[in-house]
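What follows is the content of entry35.tsv, which has TSV, C-alpha atoms and all ligand atoms:
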```tsv
chain	number	residue	atom	x	y	z
S	1	MET	CA	25.02	-14.20	-0.88
S	2	LYS	CA	24.58	-15.53	2.62
S	3	ILE	CA	21.52	-14.29	4.51
S	4	ARG	CA	22.59	-13.74	8.11
S	5	SER	CA	19.53	-11.84	9.29
S	6	ALA	CA	16.09	-10.87	8.04
S	7	GLU	CA	13.82	-8.68	10.16
S	8	PHE	CA	10.44	-7.13	9.61
S	9	ILE	CA	10.73	-3.38	10.26
S	10	ILE	CA	7.49	-1.58	9.39
S	11	SER	CA	4.27	-1.66	7.33
S	12	ASN	CA	2.50	1.45	6.13
S	13	SER	CA	0.62	3.03	3.29
S	14	ASP	CA	2.52	6.30	3.34
S	15	VAL	CA	5.83	6.55	1.55
S	16	THR	CA	6.93	9.42	3.77
S	17	ARG	CA	6.74	7.06	6.75
S	18	CYS	CA	8.98	4.37	5.26
S	19	PRO	CA	12.34	3.87	7.03
S	20	LYS	CA	14.57	6.95	6.88
S	21	ASP	CA	17.77	4.87	6.60
S	22	GLN	CA	19.77	5.53	3.46
S	23	LEU	CA	20.08	1.83	2.65
S	24	PRO	CA	19.51	0.36	-0.81
S	25	GLU	CA	16.15	-1.31	-1.30
S	26	TYR	CA	14.58	-3.72	-3.78
S	27	ALA	CA	10.82	-3.84	-4.31
S	28	PHE	CA	8.65	-6.74	-5.44
S	29	ILE	CA	5.61	-5.84	-7.48
S	30	GLY	CA	3.15	-7.68	-9.72
S	31	ARG	CA	-0.40	-8.98	-9.84
S	32	SER	CA	-2.02	-10.23	-6.69
S	33	ASN	CA	-1.26	-13.88	-5.99
S	34	VAL	CA	1.72	-13.98	-8.38
S	35	GLY	CA	3.97	-14.98	-5.47
S	36	LYS	CA	5.72	-11.79	-4.28
S	37	SER	CA	5.58	-12.55	-0.56
S	38	SER	CA	6.46	-16.23	-1.10
S	39	LEU	CA	9.51	-15.23	-3.14
S	40	ILE	CA	10.76	-12.94	-0.38
S	41	ASN	CA	10.46	-15.81	2.11
S	42	MET	CA	12.26	-18.16	-0.27
S	43	LEU	CA	15.12	-15.68	-0.83
S	44	VAL	CA	15.75	-15.20	2.88
S	45	ASP	CA	14.99	-18.80	3.94
S	46	ARG	CA	12.21	-17.84	6.33
S	47	LYS	CA	8.86	-19.58	5.96
S	48	SER	CA	6.60	-16.77	7.07
S	49	LEU	CA	8.53	-13.53	7.31
S	50	ALA	CA	6.21	-12.05	4.66
S	51	LYS	CA	2.59	-13.13	4.98
S	52	THR	CA	1.26	-15.24	2.10
S	53	SER	CA	-2.12	-16.64	1.19
S	54	GLY	CA	-3.81	-18.76	-1.45
S	55	ARG	CA	-6.36	-15.95	-1.75
S	56	PRO	CA	-5.31	-12.85	-3.67
S	57	GLY	CA	-5.15	-9.53	-1.85
S	58	LYS	CA	-3.12	-10.68	1.17
S	59	THR	CA	-0.46	-7.97	1.21
S	60	GLN	CA	-2.14	-4.59	1.59
S	61	LEU	CA	0.68	-2.31	2.71
S	62	ILE	CA	4.29	-1.38	1.94
S	63	ASN	CA	6.37	-3.78	4.06
S	64	HIS	CA	10.06	-3.22	4.78
S	65	PHE	CA	12.31	-6.15	5.68
S	66	LEU	CA	15.88	-5.38	6.73
S	67	ILE	CA	18.35	-7.95	5.40
S	68	ASN	CA	21.85	-8.49	6.84
S	69	LYS	CA	21.34	-5.14	8.59
S	70	ASN	CA	22.34	-3.28	5.42
S	71	TRP	CA	19.64	-3.45	2.72
S	72	PHE	CA	15.86	-3.78	2.43
S	73	LEU	CA	13.48	-6.07	0.61
S	74	VAL	CA	10.10	-4.41	0.11
S	75	ASP	CA	6.88	-6.39	-0.25
S	76	LEU	CA	4.01	-4.52	-1.88
S	77	PRO	CA	0.30	-5.17	-2.50
S	78	GLY	CA	-0.57	-6.68	-5.85
S	79	TYR	CA	-2.02	-4.63	-8.62
S	80	GLY	CA	-5.02	-5.75	-10.62
S	81	TYR	CA	-6.86	-7.41	-7.79
S	82	ALA	CA	-10.45	-7.48	-8.98
S	83	ARG	CA	-12.16	-8.32	-5.72
S	84	VAL	CA	-11.27	-5.25	-3.68
S	85	SER	CA	-13.63	-2.31	-4.06
S	86	LYS	CA	-12.93	0.42	-6.60
S	87	SER	CA	-12.08	2.92	-3.89
S	88	THR	CA	-9.63	0.52	-2.19
S	89	LYS	CA	-8.01	-0.14	-5.56
S	90	LYS	CA	-7.52	3.60	-6.05
S	91	VAL	CA	-5.88	3.92	-2.62
S	92	PHE	CA	-3.52	1.00	-3.45
S	93	GLN	CA	-2.65	2.52	-6.80
S	94	LYS	CA	-1.99	5.86	-5.23
S	95	PHE	CA	0.47	4.67	-2.65
S	96	ILE	CA	2.17	2.18	-4.97
S	97	THR	CA	2.68	4.96	-7.52
S	98	ALA	CA	3.88	7.32	-4.77
S	99	TYR	CA	6.29	4.66	-3.50
S	100	PHE	CA	7.87	4.11	-6.91
S	101	SER	CA	8.06	7.75	-7.88
S	102	LYS	CA	9.23	9.18	-4.53
S	103	ARG	CA	11.33	6.55	-2.82
S	104	LYS	CA	14.95	7.62	-3.33
S	105	GLN	CA	16.37	4.50	-1.68
S	106	LEU	CA	14.77	2.24	-4.29
S	107	VAL	CA	17.58	0.95	-6.50
S	108	ALA	CA	15.71	-1.68	-8.49
S	109	ALA	CA	12.27	-3.20	-8.84
S	110	PHE	CA	11.37	-6.79	-9.62
S	111	VAL	CA	8.20	-7.20	-11.66
S	112	LEU	CA	6.84	-10.67	-10.99
S	113	VAL	CA	4.88	-12.51	-13.65
S	114	ASP	CA	3.49	-16.04	-13.56
S	115	ALA	CA	5.76	-18.25	-15.71
S	116	ARG	CA	2.70	-20.04	-17.11
S	117	HIS	CA	1.10	-16.97	-18.65
S	118	ASP	CA	1.62	-14.90	-21.78
S	119	PRO	CA	2.28	-11.19	-21.24
S	120	GLN	CA	-0.72	-9.51	-19.59
S	121	LYS	CA	-1.78	-5.98	-20.41
S	122	ILE	CA	-1.55	-4.77	-16.82
S	123	ASP	CA	2.06	-6.02	-16.47
S	124	LEU	CA	3.12	-4.53	-19.79
S	125	GLU	CA	1.57	-1.20	-18.83
S	126	PHE	CA	3.27	-1.22	-15.45
S	127	MET	CA	6.67	-2.01	-17.01
S	128	GLN	CA	6.14	0.77	-19.49
S	129	TRP	CA	5.37	3.17	-16.65
S	130	LEU	CA	8.56	2.10	-14.83
S	131	GLY	CA	10.51	2.70	-18.03
S	132	GLU	CA	9.01	6.14	-18.52
S	133	ASN	CA	9.90	7.00	-14.94
S	134	GLN	CA	13.44	5.64	-15.34
S	135	ILE	CA	13.04	3.08	-12.60
S	136	PRO	CA	15.32	0.11	-13.30
S	137	PHE	CA	13.54	-3.23	-13.19
S	138	SER	CA	14.01	-6.93	-13.82
S	139	ILE	CA	11.33	-9.48	-14.59
S	140	ILE	CA	10.93	-12.48	-12.31
S	141	PHE	CA	9.02	-15.44	-13.69
S	142	THR	CA	7.36	-17.18	-10.73
S	143	LYS	CA	5.87	-20.62	-10.07
S	144	ALA	CA	8.14	-22.33	-12.62
S	145	ASP	CA	7.44	-25.60	-10.80
S	146	LYS	CA	3.87	-25.46	-12.09
S	147	LEU	CA	4.99	-25.98	-15.69
S	148	PRO	CA	6.34	-29.29	-16.96
S	149	LYS	CA	10.08	-28.93	-17.72
S	150	THR	CA	9.51	-29.34	-21.47
S	151	LYS	CA	7.03	-26.45	-21.51
S	152	LEU	CA	9.01	-23.97	-19.40
S	153	ALA	CA	11.66	-22.89	-21.91
S	154	PRO	CA	9.24	-22.49	-24.87
S	155	GLN	CA	6.84	-20.47	-22.71
S	156	ILE	CA	9.60	-18.11	-21.50
S	157	ASN	CA	10.91	-17.77	-25.06
S	158	SER	CA	7.49	-16.83	-26.32
S	159	TYR	CA	7.15	-14.25	-23.50
S	160	ILE	CA	10.51	-12.77	-24.52
S	161	SER	CA	9.51	-12.59	-28.21
S	162	GLU	CA	6.37	-10.69	-27.31
S	163	MET	CA	8.28	-8.32	-25.00
S	164	LEU	CA	10.65	-7.56	-27.87
S	165	GLN	CA	7.73	-6.12	-29.79
S	166	TYR	CA	7.58	-3.33	-27.21
S	167	TRP	CA	11.16	-3.09	-25.92
S	168	GLU	CA	14.41	-2.76	-27.81
S	169	GLU	CA	16.02	-5.15	-25.39
S	170	MET	CA	14.60	-7.77	-23.09
S	171	PRO	CA	14.92	-6.57	-19.49
S	172	ASN	CA	17.10	-8.66	-17.23
S	173	TYR	CA	15.06	-11.67	-16.07
S	174	PHE	CA	15.07	-14.60	-13.64
S	175	ILE	CA	13.14	-17.88	-13.61
S	176	THR	CA	12.11	-18.86	-10.09
S	177	SER	CA	10.07	-21.20	-7.95
S	178	SER	CA	9.43	-20.49	-4.31
S	179	SER	CA	8.62	-24.12	-3.70
S	180	SER	CA	11.81	-25.57	-5.19
S	181	GLY	CA	14.16	-22.64	-4.56
S	182	LEU	CA	14.91	-22.27	-8.29
S	183	GLY	CA	16.51	-18.91	-9.10
S	184	LYS	CA	17.42	-18.05	-5.51
S	185	GLU	CA	21.19	-17.71	-5.99
S	186	GLU	CA	20.71	-15.77	-9.23
S	187	VAL	CA	18.38	-13.15	-7.69
S	188	LEU	CA	20.51	-12.80	-4.55
S	189	GLY	CA	23.69	-12.62	-6.62
S	190	TYR	CA	22.19	-9.82	-8.69
S	191	ILE	CA	21.23	-7.87	-5.56
S	192	GLN	CA	24.69	-8.41	-4.09
S	193	GLU	CA	26.33	-7.09	-7.25
S	194	ILE	CA	24.28	-3.88	-7.09
S	195	ASN	CA	24.92	-3.50	-3.35
S	196	GLU	CA	28.67	-3.79	-3.98
S	197	GLN	CA	28.55	-1.23	-6.81
S	198	ILE	CA	26.72	1.19	-4.51
S	199	SER	CA	29.13	0.74	-1.61
S	200	THR	CA	32.20	1.34	-3.79
S	201	SER	CA	30.79	4.31	-5.71
I	301	LIG	P1	-0.76	-10.64	-2.74
I	301	LIG	O1	-0.08	-10.33	-1.45
I	301	LIG	O2	-2.17	-11.02	-2.56
I	301	LIG	O3	-0.57	-9.58	-3.77
I	301	LIG	O4	-0.09	-12.01	-3.35
I	301	LIG	P2	1.44	-12.41	-3.50
I	301	LIG	O5	1.91	-12.02	-4.86
I	301	LIG	O6	2.26	-11.95	-2.36
I	301	LIG	O7	1.36	-14.03	-3.50
I	301	LIG	P3	1.72	-15.03	-2.32
I	301	LIG	O8	3.20	-15.08	-2.10
I	301	LIG	O9	0.85	-14.77	-1.14
I	301	LIG	O10	1.35	-16.43	-3.02
I	301	LIG	C1	0.06	-16.68	-3.54
I	301	LIG	C2	-0.16	-18.18	-3.65
I	301	LIG	O11	0.73	-18.75	-4.61
I	301	LIG	C3	0.13	-18.93	-2.35
I	301	LIG	O12	-0.83	-19.95	-2.22
I	301	LIG	C4	1.51	-19.50	-2.56
I	301	LIG	O13	1.74	-20.69	-1.81
I	301	LIG	C5	1.50	-19.80	-4.04
I	301	LIG	N1	2.86	-19.72	-4.61
I	301	LIG	C6	3.68	-18.64	-4.57
I	301	LIG	N2	4.85	-18.91	-5.19
I	301	LIG	C7	4.77	-20.17	-5.63
I	301	LIG	C8	5.66	-21.04	-6.37
I	301	LIG	O14	6.79	-20.69	-6.74
I	301	LIG	N3	5.20	-22.29	-6.66
I	301	LIG	C9	3.97	-22.72	-6.29
I	301	LIG	N4	3.60	-23.95	-6.65
I	301	LIG	N5	3.10	-21.95	-5.60
I	301	LIG	C10	3.49	-20.69	-5.28
I	302	MG	MG	1.78	-10.67	-0.81
```
Could you spell out this file's structure in structure tokens?
Ligand code: GTP
Ligand code: MG
Amino acid sequence: MKIRSAEFIISNSDVTRCPKDQLPEYAFIGRSNVGKSSLINMLVDRKSLAKTSGRPGKTQLINHFLINKNWFLVDLPGYGYARVSKSTKKVFQKFITAYFSKRKQLVAAFVLVDARHDPQKIDLEFMQWLGENQIPFSIIFTKADKLPKTKLAPQINSYISEMLQYWEEMPNYFITSSSSGLGKEEVLGYIQEINEQISTS
């Protein structure tokens, strides 16, 4: 899919104040620092549309980016960020949960996990919660460039085997790197397919 335009629209912590447009949207969620904001920039070819940082806890609000004037990418704060206070964490959790359970325009979520790591409890729990709430999701493995080529496939395979202990089927997944652009066409192609299904239904 060709990205013709990508614009920041609004940030907020209240799902009722998200854009009212009835356009399909795709949300990026995962632990802090996993690379959500970087992936959004990589997908739309804009270096700093979404703000990124080497320090976890950069994204603190729900951010809507309008793409090609007809769908949204949504950047969210990370979960499991240990260094924010307990009360801030609760506020994050509350509006993230509200976003996923109330946002009608959300057509699919992408749960980002670091390609170098084995499944983490917090990610497995979040995926389970999405499943229970019937929110379709795919997994995106990030930072694939940080693993030597020979280690990447075995690591992903071992992640999949562990997932299959909890899920009957492995969710749809993508292997990406925001620094090399790996996975870009696959993720955008997937979004385009859903957008086309929606517009013809
Ligand atoms: P929060 O907003 O804090 O939840 O983090 P985030 O998930 O949005 O992560 P962000 O995109 O800000 O990236 C965190 C750090 O990881 C930054 O220093 C990025 O440059 C780095 N990073 C993100 N993606 C990649 C990648 O694919 N490869 C490499 N090598 N570094 C990456
Ligand atoms: Mg971020």
Listing only residues of chain S within 12 Å of ligand MG 302 (chain I), what is the closest atom pair and its distance in Å (to one decimal) for each, using only C-alpha atoms and all ligand atoms, sorted by chain and residue number ascending, as CSV?
```
residue,atom,partner,partner_atom,distance
S:Ala27,CA,I:MG302,MG,11.9
S:Phe28,CA,I:MG302,MG,9.2
S:Ile29,CA,I:MG302,MG,9.1
S:Gly30,CA,I:MG302,MG,9.5
S:Arg31,CA,I:MG302,MG,9.4
S:Ser32,CA,I:MG302,MG,7.0
S:Asn33,CA,I:MG302,MG,6.8
S:Val34,CA,I:MG302,MG,8.3
S:Gly35,CA,I:MG302,MG,6.7
S:Lys36,CA,I:MG302,MG,5.4
S:Ser37,CA,I:MG302,MG,4.2
S:Ser38,CA,I:MG302,MG,7.3
S:Leu39,CA,I:MG302,MG,9.3
S:Ile40,CA,I:MG302,MG,9.3
S:Asn41,CA,I:MG302,MG,10.5
S:Ser48,CA,I:MG302,MG,11.1
S:Leu49,CA,I:MG302,MG,10.9
S:Ala50,CA,I:MG302,MG,7.2
S:Lys51,CA,I:MG302,MG,6.3
S:Thr52,CA,I:MG302,MG,5.4
S:Ser53,CA,I:MG302,MG,7.4
S:Gly54,CA,I:MG302,MG,9.9
S:Arg55,CA,I:MG302,MG,9.7
S:Pro56,CA,I:MG302,MG,7.9
S:Gly57,CA,I:MG302,MG,7.1
S:Lys58,CA,I:MG302,MG,5.3
S:Thr59,CA,I:MG302,MG,4.0
S:Gln60,CA,I:MG302,MG,7.6
S:Leu61,CA,I:MG302,MG,9.1
S:Ile62,CA,I:MG302,MG,10.0
S:Asn63,CA,I:MG302,MG,9.6
S:Val74,CA,I:MG302,MG,10.5
S:Asp75,CA,I:MG302,MG,6.7
S:Leu76,CA,I:MG302,MG,6.6
S:Pro77,CA,I:MG302,MG,5.9
S:Gly78,CA,I:MG302,MG,6.8
S:Tyr79,CA,I:MG302,MG,10.6
S:Tyr81,CA,I:MG302,MG,11.6
S:Leu112,CA,I:MG302,MG,11.4
```
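Nearest-residue note for S:Leu106: choosing from S:Ile67, S:Ile3, S:Asn12, S:Phe137, the minimum distance belongs to S:Phe137, counting all atoms listed in the file.
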Please identify every residue of stretch 56-170 of chain S that has at least one atom no farther than 9 Å from an atom of stretch 178-184 of chain S, counting all atoms listed in the file, and for each give the shortest atom pair and the distance in Å to one decimal, arranged by chain then increasing number, as a Markdown table.
```
| residue | atom | partner | partner_atom | distance |
| --- | --- | --- | --- | --- |
| S:Thr142 | CA | S:Ser178 | CA | 7.5 |
| S:Lys143 | CA | S:Ser178 | CA | 6.8 |
| S:Ala144 | CA | S:Leu182 | CA | 8.0 |
| S:Asp145 | CA | S:Ser180 | CA | 7.1 |
```
Using all atoms listed in the file, determine which residues lie at most 9 Å from stretch 147-162 of chain S, disregarding the query and same-chain residues fewer than 2 positions distant; provide the list as a compact mmCIF listing (two decimals) with C-alpha atoms, in the frame of the given file.
```txt
# COMPACT_ATOMS: atom_id res chain seq x y z
CA ALA S 115 5.76 -18.25 -15.71
CA ARG S 116 2.70 -20.04 -17.11
CA HIS S 117 1.10 -16.97 -18.65
CA ASP S 118 1.62 -14.90 -21.78
CA PRO S 119 2.28 -11.19 -21.24
CA PHE S 141 9.02 -15.44 -13.69
CA LYS S 143 5.87 -20.62 -10.07
CA ALA S 144 8.14 -22.33 -12.62
CA ASP S 145 7.44 -25.60 -10.80
CA LEU S 164 10.65 -7.56 -27.87
CA GLN S 165 7.73 -6.12 -29.79
CA TYR S 166 7.58 -3.33 -27.21
CA MET S 170 14.60 -7.77 -23.09
CA ILE S 175 13.14 -17.88 -13.61
```
Once you add 4 Å to each side, what are the centre and edge lengths of the axis-aligned box holding all listed atoms of ligand LIG 301 (chain I)? One decimal in Å, as AutoDock Vina command-line options, if you can.
```
--center_x 2.3 --center_y -16.8 --center_z -3.9 --size_x 17.0 --size_y 22.4 --size_z 13.6
```
